[in-house]
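In what follows, a structure is listed as structure tokens, so that the remarks can point back to it.
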Amino acid sequence: MAFGISKQELQQWKQQVARGDIAFLTHYWYDKRFPQFNTVTKVGCSDIRRLEDWCLSNGLNPEYIHHRLPYPHFDLIGPKQTELLHKYELEDHITRFGLT
């Protein structure tokens, strides 16, 4: 479940994903498998090949893509999340969610 984002932000992400763009959505999140992390960045794209290529170009295993139609995505958490938010100049995500 997503916390800390508006319906408008979620809708914008869905639209970008549906268009085949690489889209980023960071939100608060809890998963008992990863209690040390409280945020996730969902990197989505409806063009699975493009999303796989994005994963490979960023040192990520595309086997971990969530093939949840119509919004396939890769979940970024931890240090790789912050690293890639910096790389893609998404400093607003870092600041807003207190990532370092």
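In the structure tokens, chains take the letters A, B, ... in the order shown, each chain's residues start at 1, and ligands count up from 1 in the order shown.
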- If you count only C-alpha atoms, which residues fall within 10 Å of A:Gln81, apart from same-chain ones fewer than 3 positions away, as a PyMOL selection string? chain A and resi 26+39-42+75-78+84-87+94+99-100
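Here the question is which of A:Tyr71, A:Ile65, A:His27, A:Trp54 gets nearest to A:Gly98 using only C-alpha atoms, and that residue is A:His27.
Excluding A:Ala18 itself and any same-chain residue fewer than 2 positions from it, the protein and nucleic acid residues within 9 Å of it, counting only C-alpha atoms, are Trp13, Lys14, Gln15, Gln16, Gly20, Asp21, Gly44, Cys45, Ser46, Asp47, Pro70 and Tyr71 of chain A.
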Export of the given selection (C-alpha atoms) as a PDB file, in the first residue's frame:
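Final output, saved to result-v6.pdb:
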ATOM      1  CA  TRP A  13       2.615   7.907 -12.934  1.00  0.00           C
ATOM      2  CA  LYS A  14       0.000   5.554 -14.383  1.00  0.00           C
ATOM      3  CA  GLN A  15      -0.373   7.757 -17.462  1.00  0.00           C
ATOM      4  CA  GLN A  16       3.386   7.861 -18.032  1.00  0.00           C
ATOM      5  CA  GLY A  20       5.562   3.526 -22.478  1.00  0.00           C
ATOM      6  CA  ASP A  21       7.671   6.096 -20.636  1.00  0.00           C
ATOM      7  CA  GLY A  44       7.312   1.564 -14.327  1.00  0.00           C
ATOM      8  CA  CYS A  45       6.956   1.210 -18.077  1.00  0.00           C
ATOM      9  CA  SER A  46       4.310  -0.639 -20.108  1.00  0.00           C
ATOM     10  CA  ASP A  47       6.959  -1.454 -22.726  1.00  0.00           C
ATOM     11  CA  PRO A  70      -1.311  -2.581 -16.976  1.00  0.00           C
ATOM     12  CA  TYR A  71       1.510  -1.092 -14.828  1.00  0.00           C
TER      13      TYR A  71
END
- Message: Between A:Cys55, A:Ile5, A:Ile48, A:Leu90, which residue has the minimum interatomic distance to A:Arg19, considering only C-alpha atoms?
- Response: A:Ile48
- Item | Which of chain A fall in alpha helix (DSSP H), as a count of residues only | 39
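With distances restricted to only C-alpha atoms, A:Phe74 is the closest residue to A:Asp53 from A:Tyr30, A:Phe74, A:Phe3, A:Phe24.
Between atom CA of A:Tyr88 and atom CA of A:Ala23 lies a distance of 10.8 Å.
Closest approach to A:Phe37 among A:His73, A:Lys80, A:Val17, A:Glu52 is made by A:Lys80 (distances from only C-alpha atoms).
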- Item | Top pick for closest residue to A:Leu25, considering A:Pro72, A:Leu10, A:Pro79, A:Asn61 and counting only C-alpha atoms | A:Leu10
Hey, what does DSSP flag as strand (DSSP E or B) within chain A? Can you give it to me as a PDB file with C-alpha atoms, in the first residue's frame?
ATOM      1  CA  PHE A   3       1.399   6.310   1.579  1.00  0.00           C
ATOM      2  CA  ALA A  23       8.243   6.649 -14.828  1.00  0.00           C
ATOM      3  CA  PHE A  24       9.309   6.992 -11.185  1.00  0.00           C
ATOM      4  CA  LEU A  25       6.986   7.033  -8.179  1.00  0.00           C
ATOM      5  CA  THR A  26       8.397   7.151  -4.657  1.00  0.00           C
ATOM      6  CA  HIS A  27       6.178   6.619  -1.640  1.00  0.00           C
ATOM      7  CA  TYR A  28       6.198   5.432   1.936  1.00  0.00           C
ATOM      8  CA  THR A  39      10.136   3.867   1.141  1.00  0.00           C
ATOM      9  CA  VAL A  40      10.070   2.336  -2.309  1.00  0.00           C
ATOM     10  CA  THR A  41      10.462   3.837  -5.762  1.00  0.00           C
ATOM     11  CA  LYS A  42       8.417   2.105  -8.413  1.00  0.00           C
ATOM     12  CA  VAL A  43      10.023   2.419 -11.835  1.00  0.00           C
ATOM     13  CA  GLY A  44       7.312   1.564 -14.327  1.00  0.00           C
ATOM     14  CA  HIS A  66       6.596  -7.097 -11.389  1.00  0.00           C
ATOM     15  CA  HIS A  73       7.314  -1.972 -12.608  1.00  0.00           C
ATOM     16  CA  PHE A  74      10.573  -2.600 -10.785  1.00  0.00           C
ATOM     17  CA  ASP A  75      10.752  -1.811  -7.048  1.00  0.00           C
ATOM     18  CA  LEU A  76      13.831   0.114  -5.911  1.00  0.00           C
TER      19      LEU A  76
END
- Have a look at A:Arg68, A:Ser6, A:Asn38, A:Ile22 and name the one nearest to A:Leu51; count only C-alpha atoms. A:Ile22
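The coordinates place atom CA of A:Lys7 at 16.6 Å from atom CA of A:Arg96.
Between atom CA of A:Phe97 and atom CA of A:Asp31 the interatomic distance comes to 16.6 Å.
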